[in-house]
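Everything on this sheet refers to the single structure shown next.
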Amino acid sequence: MTETTPETPDTPPTPFHDLDAYVALPRTGGLTLSPDGTRLVTAVSTLNPDSTKYVTALWDVDPAGERPARRLTRSAKGESGAAFLPDGSLLFGSARPDPAGSEDADDSVPLLWLLPAGGGEARVVAKRPGGVGGVVVARESGTVVVASSTFPSSTDLESEEKRRKERKEKKVNAILHERYPVRYWDHDLGPDAPRLFAGTLRDGESPLDDPAVELRDLTPDAGRSLDSAGYDVSPDGGTVVSVWNKPERGGFRQVLVVIDVATGERRVLADVDDHEFEAPRFSPDGATVAAVQGKRSTPTEPVDQELVLVTLADGAIRSLTADWDRWPGAPVWTPDGTAILFSADDDGRAPVFRIDVASGEITKLTADDYAYSDLVVSPDGRTVYALRTSYLEPPRPVRLSATEAGQQSSPLPAPAPVPELPGTLTEVEATATDGVRVRSWLALPEGASATSPAPLLLWIHGGPLGSWNAWSWRWNPWLAVAQGYAVLLPDPALSTGYGLDYVRRGWGAWGKAPFTDLMAATDAAVARDDIDETRTAAMGGSFGGYMANWVAGNTDRFDAIVTHASLWALDQFGPTTDAAFYWVKEMTAEMAAANSPHHHVDSITTPMLVIHGDRDYRVPIGEALRLWFEIASRAEAEDGEIPHKFLYFPDENHWILTPQHAKVWYQTVFAFLAHQVLGKDWETPAILT
């Protein structure tokens, strides 16, 4: 009989009742399969000893589901980007010190490490002054392709090291920009830029030399063409296919190029006007590339995307999903090349789909409430492994049949257990003003009933092209549920997984159908007898923050508004976001004016909590500064008191990523809600006093 420790008052009922316990939960991401199909490797992030960052380690998961997960790597720097060589050896990136390296080596850039298939010590097999990442391996030849940030003037390893050393010693961090864009999400672009390098693992000249990968520069003239570019290598290792940022006025457009690994010769494979490409993947025979082709938006027509096949020999393009009203994710070939697997948002889920390459017939493999990602297929083509998630559980590895329709996936023994939840999850449906169905997830606290209804938090997702269909560590409803709130997670107009017409309903008109859909969803939720319609708040981040601002200026039905990383003045946002060239293709100046929340500032009476990170380049800090001034100046009483608050993070970006700041975020949000929604006295979080 196993002894158990009785629960004490100091033991939280679930990890969601205590922020320290919550941020300490392990987080799983990524999945890769060994060539023989006997080993799955995933990455698990856990807190470092002082609880100020997450460190990632690689874990081995048994595809058969028989043995427990086993940790493969351990270091203070962490490991990521796992990829197998044909012999079963495991490559990964890590900035941990190289035992054979020099004492003055830069310990901030990742090196390429190899863990032998038979076990033993991991060793460095490749390094670059700008680090290495994004490793992909040719399934047959073992050719290794990586990306590494490199200075434009660098012609070889020595010149690259010299330039970095000079800037470091002289403390120069200035960047001269000659093209747009200059930023991306949370980092500056330049002065270095990604290039692709290739090599194979070779033995040293003597028995004392460890095998190493000598990297050759495939793209010395890339410039900024490989920023955030996806790529793949053919099974024989002879060709790389990559997304390539083709310059155009004010920005770029993503086309596909192929690069000969032996010569570095490059040619354009696919370049279609008003379209872009992403996620290219070689077929098993190397003759075809599958990719996601996206139609660029206009102010009157939304984006659209489809799965296409591009013939390597002549660049001929064939669409597989032109008549399918969903957006396919990254393609994964079956080993025989007869089918492609992918996931796609669909009605608040993201099932796994299989499409027959010859006929175009699509089969929905999963029929559950989960969202799937990181698909890999067994060598015999019979089994799919994936990460599965929903608002019932964080990502965890599972397996399913590669051919059976309408199945339930089977969990594998995982490194991270599924945490106990403090409530239940259900669905709510509403009818919009135009008669369209609007669906939502609703997370309810234990004990919510007609005699004890729960206060409601309306959470509005970002994007705006997205869906509340997968677990979120940054916006986790269960923390609010543990505080006694019900959390409504609606998918209004512009949400994905409901067809192109559903997106079109809100295109270029953010303040119309998306707003009225949110109000309809809220009406349906508060009509339940277990929801207290007299105590409600609305919250959102990014586009969700925009909508929170719009809600604040267009209704007073909520007791509080929390707006995070939000768009406020669209005429100001457009030219200052990191990718303004996309914005100008999406909204005209007239549309921006008609849908800008700042025009409704005089109507705002609801107390607002404004949250922003200074290093947010997607929604620049100027949005929050202007919002804060405009609401504060109108609400300020003679004694200077205002009902609004501004939580500012100097070192965070669009997302609040560090665990200590995530705690501050939730502490402040819950204190604000307790004051404005529950009527409690305001209590500033202790760390902020």
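Here's how to read the names in the structure tokens: chain A, B, ... by the order shown, residue numbers from 1 in each chain, ligand numbers from 1 in the order shown.
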Taking only range 258-294 of chain A into account, list the residues labelled strand (DSSP E) by DSSP (computed from the backbone), as a PyMOL selection string. chain A and resi 258-260+266-270+275-282+288-294
Pick out each residue of range 269-501 of chain A that DSSP on the backbone tags as alpha helix (DSSP H); I need them as a ChimeraX atom specification. /A:477-482,500-501
Counting only C-alpha atoms, give me one row per residue of range 612-646 of chain A with an atom at most 10 Å from an atom of range 180-195 of chain A, showing the shortest contact pair and its distance in Å to one decimal, sorted by chain then residue number, as a Markdown table.
```
| residue | atom | partner | partner_atom | distance |
| --- | --- | --- | --- | --- |
| A:Gly613 | CA | A:Asp186 | CA | 9.9 |
| A:Asp614 | CA | A:Asp186 | CA | 9.5 |
| A:Arg615 | CA | A:Asp186 | CA | 5.8 |
| A:Asp616 | CA | A:Asp186 | CA | 5.6 |
| A:Tyr617 | CA | A:Trp185 | CA | 5.0 |
| A:Arg618 | CA | A:Trp185 | CA | 5.0 |
| A:Val619 | CA | A:Trp185 | CA | 8.4 |
| A:Pro620 | CA | A:Trp185 | CA | 9.5 |
```
Could you please take those selected residues and save C-alpha atoms as a JSON list (two decimals), in the first residue's frame?
```
[["chain", "number", "residue", "atom", "x", "y", "z"],
["A", 613, "GLY", "CA", 6.00, 45.71, -22.78],
["A", 614, "ASP", "CA", 8.51, 48.25, -24.05],
["A", 615, "ARG", "CA", 10.16, 45.74, -26.40],
["A", 616, "ASP", "CA", 6.94, 45.02, -28.24],
["A", 617, "TYR", "CA", 7.67, 45.82, -31.87],
["A", 618, "ARG", "CA", 4.50, 44.30, -33.31],
["A", 619, "VAL", "CA", 2.33, 46.70, -31.31],
["A", 620, "PRO", "CA", 4.77, 49.46, -30.32]]
```
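As for CA of Thr200 in chain A and CA of Val144 in chain A, they are spaced 5.7 Å apart.
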Residue nearest Gly541 in chain A - candidates A:Trp459, A:Tyr498, A:Trp510, A:Trp478, atoms counted: only C-alpha atoms: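 Answer, going by the shortest atom-to-atom distance: A:Trp459.
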Range 407-417 of chain A environment, 8 Å, only C-alpha atoms, sequence neighbours closer than 3 positions dropped, as an mmCIF file with N, CA and C atoms, in the first residue's frame:
```cif
data_model
loop_
_atom_site.group_PDB
_atom_site.id
_atom_site.type_symbol
_atom_site.label_atom_id
_atom_site.label_comp_id
_atom_site.auth_asym_id
_atom_site.auth_seq_id
_atom_site.Cartn_x
_atom_site.Cartn_y
_atom_site.Cartn_z
ATOM 1 N N PRO A 26 5.968 21.961 -15.801
ATOM 2 C CA PRO A 26 6.797 21.722 -16.994
ATOM 3 C C PRO A 26 5.998 21.911 -18.274
ATOM 4 N N ARG A 27 6.680 22.356 -19.328
ATOM 5 C CA ARG A 27 6.024 22.726 -20.578
ATOM 6 C C ARG A 27 6.675 21.984 -21.746
ATOM 7 N N THR A 28 5.867 21.241 -22.480
ATOM 8 C CA THR A 28 6.354 20.372 -23.546
ATOM 9 C C THR A 28 6.179 21.036 -24.903
ATOM 10 N N VAL A 44 11.243 19.649 -23.055
ATOM 11 C CA VAL A 44 10.476 20.012 -21.867
ATOM 12 C C VAL A 44 11.177 21.166 -21.174
ATOM 13 N N TRP A 59 13.930 15.029 -24.046
ATOM 14 C CA TRP A 59 13.462 13.796 -23.426
ATOM 15 C C TRP A 59 13.139 12.770 -24.507
ATOM 16 N N VAL A 61 10.820 9.672 -25.611
ATOM 17 C CA VAL A 61 9.484 9.121 -25.375
ATOM 18 C C VAL A 61 9.351 7.827 -26.172
ATOM 19 N N ASP A 62 8.821 6.789 -25.554
ATOM 20 C CA ASP A 62 8.667 5.499 -26.209
ATOM 21 C C ASP A 62 7.466 5.527 -27.153
ATOM 22 N N PRO A 63 7.671 5.382 -28.465
ATOM 23 C CA PRO A 63 6.533 5.389 -29.396
ATOM 24 C C PRO A 63 5.546 4.252 -29.144
ATOM 25 N N ALA A 64 6.035 3.150 -28.561
ATOM 26 C CA ALA A 64 5.151 2.020 -28.279
ATOM 27 C C ALA A 64 4.308 2.251 -27.042
ATOM 28 N N GLY A 65 4.662 3.261 -26.253
ATOM 29 C CA GLY A 65 3.887 3.572 -25.062
ATOM 30 C C GLY A 65 4.104 2.625 -23.910
ATOM 31 N N GLU A 66 5.230 1.915 -23.887
ATOM 32 C CA GLU A 66 5.462 0.908 -22.848
ATOM 33 C C GLU A 66 6.394 1.381 -21.745
ATOM 34 N N ARG A 67 7.480 2.026 -22.111
ATOM 35 C CA ARG A 67 8.422 2.454 -21.080
ATOM 36 C C ARG A 67 8.232 3.933 -20.761
ATOM 37 N N PRO A 68 8.600 4.356 -19.554
ATOM 38 C CA PRO A 68 8.440 5.765 -19.192
ATOM 39 C C PRO A 68 9.398 6.665 -19.973
ATOM 40 N N ALA A 69 9.055 7.941 -20.041
ATOM 41 C CA ALA A 69 9.924 8.909 -20.715
ATOM 42 C C ALA A 69 11.258 9.003 -19.987
ATOM 43 N N ARG A 70 12.328 9.278 -20.750
ATOM 44 C CA ARG A 70 13.683 9.297 -20.195
ATOM 45 C C ARG A 70 14.383 10.588 -20.601
ATOM 46 N N LEU A 365 -8.889 12.574 -39.629
ATOM 47 C CA LEU A 365 -8.454 11.421 -38.855
ATOM 48 C C LEU A 365 -8.912 11.471 -37.406
ATOM 49 N N THR A 366 -8.996 12.659 -36.816
ATOM 50 C CA THR A 366 -9.347 12.757 -35.395
ATOM 51 C C THR A 366 -10.730 13.374 -35.229
ATOM 52 N N ALA A 367 -11.468 12.854 -34.255
ATOM 53 C CA ALA A 367 -12.828 13.337 -34.003
ATOM 54 C C ALA A 367 -12.991 13.595 -32.515
ATOM 55 N N ASP A 368 -12.151 14.450 -31.981
ATOM 56 C CA ASP A 368 -12.207 14.774 -30.560
ATOM 57 C C ASP A 368 -12.103 16.285 -30.397
ATOM 58 N N ARG A 396 0.827 17.308 -25.083
ATOM 59 C CA ARG A 396 1.389 16.025 -24.658
ATOM 60 C C ARG A 396 1.513 15.132 -25.880
ATOM 61 N N PRO A 397 2.511 14.231 -25.917
ATOM 62 C CA PRO A 397 2.684 13.358 -27.082
ATOM 63 C C PRO A 397 1.624 12.257 -27.118
ATOM 64 N N VAL A 398 1.119 11.997 -28.328
ATOM 65 C CA VAL A 398 0.098 10.971 -28.544
ATOM 66 C C VAL A 398 0.403 10.238 -29.848
ATOM 67 N N ARG A 399 -0.293 9.134 -30.054
ATOM 68 C CA ARG A 399 -0.203 8.421 -31.333
ATOM 69 C C ARG A 399 -1.601 8.124 -31.844
ATOM 70 N N LEU A 400 -1.683 7.969 -33.175
ATOM 71 C CA LEU A 400 -2.948 7.637 -33.817
ATOM 72 C C LEU A 400 -2.660 6.935 -35.126
ATOM 73 N N SER A 401 -3.676 6.305 -35.686
ATOM 74 C CA SER A 401 -3.533 5.651 -36.974
ATOM 75 C C SER A 401 -3.393 6.697 -38.071
ATOM 76 N N GLU A 404 -7.070 5.801 -40.327
ATOM 77 C CA GLU A 404 -8.418 5.603 -39.796
ATOM 78 C C GLU A 404 -9.127 6.936 -39.567
#
```
For Ala198 in chain A, list every protein, DNA or RNA residue within 6 Å, evaluated using only C-alpha atoms, and leave out those in the same chain fewer than 5 positions away; present the list as a ChimeraX atom specification. /A:144-145,215-216
Residues within 12 Å of Tyr54 in chain A, only C-alpha atoms, excluding chain neighbours under 6 positions, as an MDAnalysis selection string: chainID A and resid 23:28 43:48 75:79 657:660
Could the residues in this selection be saved with C-alpha atoms as a PDB file, in the first residue's frame?
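The new file out25.pdb reads:
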```
ATOM      1  CA  VAL A  23       4.836  28.797 -13.290  1.00  0.00           C
ATOM      2  CA  ALA A  24       6.716  25.692 -12.117  1.00  0.00           C
ATOM      3  CA  LEU A  25       4.607  23.378 -14.303  1.00  0.00           C
ATOM      4  CA  PRO A  26       6.797  21.722 -16.994  1.00  0.00           C
ATOM      5  CA  ARG A  27       6.024  22.726 -20.578  1.00  0.00           C
ATOM      6  CA  THR A  28       6.354  20.372 -23.546  1.00  0.00           C
ATOM      7  CA  ALA A  43      11.609  19.174 -25.401  1.00  0.00           C
ATOM      8  CA  VAL A  44      10.476  20.012 -21.867  1.00  0.00           C
ATOM      9  CA  SER A  45      11.000  23.443 -20.291  1.00  0.00           C
ATOM     10  CA  THR A  46      11.308  23.802 -16.525  1.00  0.00           C
ATOM     11  CA  LEU A  47      12.245  26.611 -14.151  1.00  0.00           C
ATOM     12  CA  ASN A  48      15.882  27.350 -13.438  1.00  0.00           C
ATOM     13  CA  SER A  75      22.564  21.748 -18.688  1.00  0.00           C
ATOM     14  CA  ALA A  76      22.106  25.241 -17.301  1.00  0.00           C
ATOM     15  CA  LYS A  77      21.865  26.622 -20.851  1.00  0.00           C
ATOM     16  CA  GLY A  78      19.319  24.094 -22.087  1.00  0.00           C
ATOM     17  CA  GLU A  79      18.943  22.299 -25.410  1.00  0.00           C
ATOM     18  CA  LEU A 657       7.636  35.468 -21.084  1.00  0.00           C
ATOM     19  CA  THR A 658       9.714  35.394 -17.914  1.00  0.00           C
ATOM     20  CA  PRO A 659       8.130  33.492 -15.014  1.00  0.00           C
ATOM     21  CA  GLN A 660       8.626  36.259 -12.454  1.00  0.00           C
TER      22      GLN A 660
END
```
For Gly348 in chain A, which residue among A:Gly37, A:Gly223, A:Gly466, A:Gly101 is the nearest when counting only C-alpha atoms?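 Smallest separation from Gly348 in chain A among the options: A:Gly466.
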Could you give me, as a list in words, the residues within 8 Å of Val124 in chain A, counting only C-alpha atoms and dropping anything in the same chain fewer than 5 positions from it?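 The residues satisfying every condition are Asp98, Leu111, Leu112, Trp113, Leu114 and Ala212 of chain A.
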Would you save the residues from that selection as a PDB file, in the first residue's frame, using N, CA and C atoms?
```
ATOM      1  N   ASP A  98      31.534  24.412 -24.597  1.00  0.00           N
ATOM      2  CA  ASP A  98      32.215  23.319 -25.275  1.00  0.00           C
ATOM      3  C   ASP A  98      33.467  22.957 -24.474  1.00  0.00           C
ATOM      4  N   LEU A 111      25.700  26.140 -30.100  1.00  0.00           N
ATOM      5  CA  LEU A 111      26.560  25.289 -30.906  1.00  0.00           C
ATOM      6  C   LEU A 111      25.755  24.063 -31.327  1.00  0.00           C
ATOM      7  N   LEU A 112      26.260  23.340 -32.322  1.00  0.00           N
ATOM      8  CA  LEU A 112      25.603  22.117 -32.759  1.00  0.00           C
ATOM      9  C   LEU A 112      26.265  20.935 -32.068  1.00  0.00           C
ATOM     10  N   TRP A 113      25.469  20.195 -31.290  1.00  0.00           N
ATOM     11  CA  TRP A 113      25.958  19.060 -30.516  1.00  0.00           C
ATOM     12  C   TRP A 113      25.419  17.758 -31.101  1.00  0.00           C
ATOM     13  N   LEU A 114      26.145  16.669 -30.832  1.00  0.00           N
ATOM     14  CA  LEU A 114      25.729  15.343 -31.259  1.00  0.00           C
ATOM     15  C   LEU A 114      25.735  14.396 -30.074  1.00  0.00           C
ATOM     16  N   ALA A 212      33.214  15.676 -37.105  1.00  0.00           N
ATOM     17  CA  ALA A 212      32.708  17.049 -37.111  1.00  0.00           C
ATOM     18  C   ALA A 212      31.988  17.327 -38.420  1.00  0.00           C
TER      19      ALA A 212
END
```
Considering only C-alpha atoms, state which residue in the set A:Leu90, A:Leu673, A:Val137, A:Val172 is at the smallest distance from Phe282 in chain A.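 Result for the nearest residue to Phe282 in chain A: A:Val137.
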Between A:His654, A:Lys663, A:Arg535, A:Lys512, which is the closest to Gly679 in chain A once you count only C-alpha atoms? A:Arg535
Contacts of Met539 in chain A within 9 Å, only C-alpha atoms, excl. fewer than 4 positions in-chain, as a CSV table (one decimal) with N, CA and C atoms, in the first residue's frame:
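Result saved to out_34.csv:
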```
chain,number,residue,atom,x,y,z
A,457,LEU,N,-15.7,36.5,-17.0
A,457,LEU,CA,-14.6,37.2,-17.7
A,457,LEU,C,-14.7,36.8,-19.2
A,458,LEU,N,-14.9,37.8,-20.0
A,458,LEU,CA,-14.9,37.6,-21.5
A,458,LEU,C,-13.4,37.8,-21.9
A,459,TRP,N,-12.8,36.7,-22.5
A,459,TRP,CA,-11.5,36.7,-23.0
A,459,TRP,C,-11.5,36.7,-24.5
A,460,ILE,N,-10.8,37.7,-25.1
A,460,ILE,CA,-10.9,37.9,-26.6
A,460,ILE,C,-9.5,37.6,-27.1
A,461,HIS,N,-9.5,36.6,-28.1
A,461,HIS,CA,-8.2,36.2,-28.6
A,461,HIS,C,-7.6,37.2,-29.6
A,544,GLY,N,-6.9,41.1,-29.5
A,544,GLY,CA,-7.9,41.0,-28.4
A,544,GLY,C,-7.8,42.3,-27.5
A,545,GLY,N,-6.6,42.9,-27.4
A,545,GLY,CA,-6.5,44.2,-26.7
A,545,GLY,C,-7.2,45.3,-27.5
A,547,MET,N,-9.8,44.9,-29.4
A,547,MET,CA,-11.2,44.7,-29.2
A,547,MET,C,-11.6,45.1,-27.8
A,548,ALA,N,-10.7,44.9,-26.8
A,548,ALA,CA,-11.0,45.3,-25.4
A,548,ALA,C,-11.2,46.9,-25.4
A,560,ALA,N,-15.1,46.1,-15.7
A,560,ALA,CA,-13.6,46.3,-15.9
A,560,ALA,C,-13.2,45.9,-17.2
A,561,ILE,N,-12.1,46.5,-17.7
A,561,ILE,CA,-11.5,46.1,-19.0
A,561,ILE,C,-10.0,46.0,-18.8
A,562,VAL,N,-9.5,44.8,-19.2
A,562,VAL,CA,-8.0,44.6,-19.2
A,562,VAL,C,-7.5,44.6,-20.6
A,563,THR,N,-6.6,45.5,-21.0
A,563,THR,CA,-6.2,45.5,-22.4
A,563,THR,C,-4.6,45.4,-22.4
A,564,HIS,N,-4.2,44.4,-23.1
A,564,HIS,CA,-2.7,44.0,-23.1
A,564,HIS,C,-2.2,44.1,-24.5
```
From A:Gly30, A:Pro110, A:Gly118, A:Gly88, residue lying nearest Arg139 in chain A [only C-alpha atoms]: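 Of A:Gly30, A:Pro110, A:Gly118, A:Gly88, the one nearest Arg139 in chain A is A:Gly88, counting only C-alpha atoms.
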Which residue gives the smallest distance to Glu158 in chain A among A:Arg326, A:Arg128, A:Arg74, A:His17, with only C-alpha atoms counted?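 Closest residue, counting only C-alpha atoms: A:Arg128.
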CA of Phe252 in chain A to CA of Leu218 in chain A, straight-line distance in Å: 21.1 Å
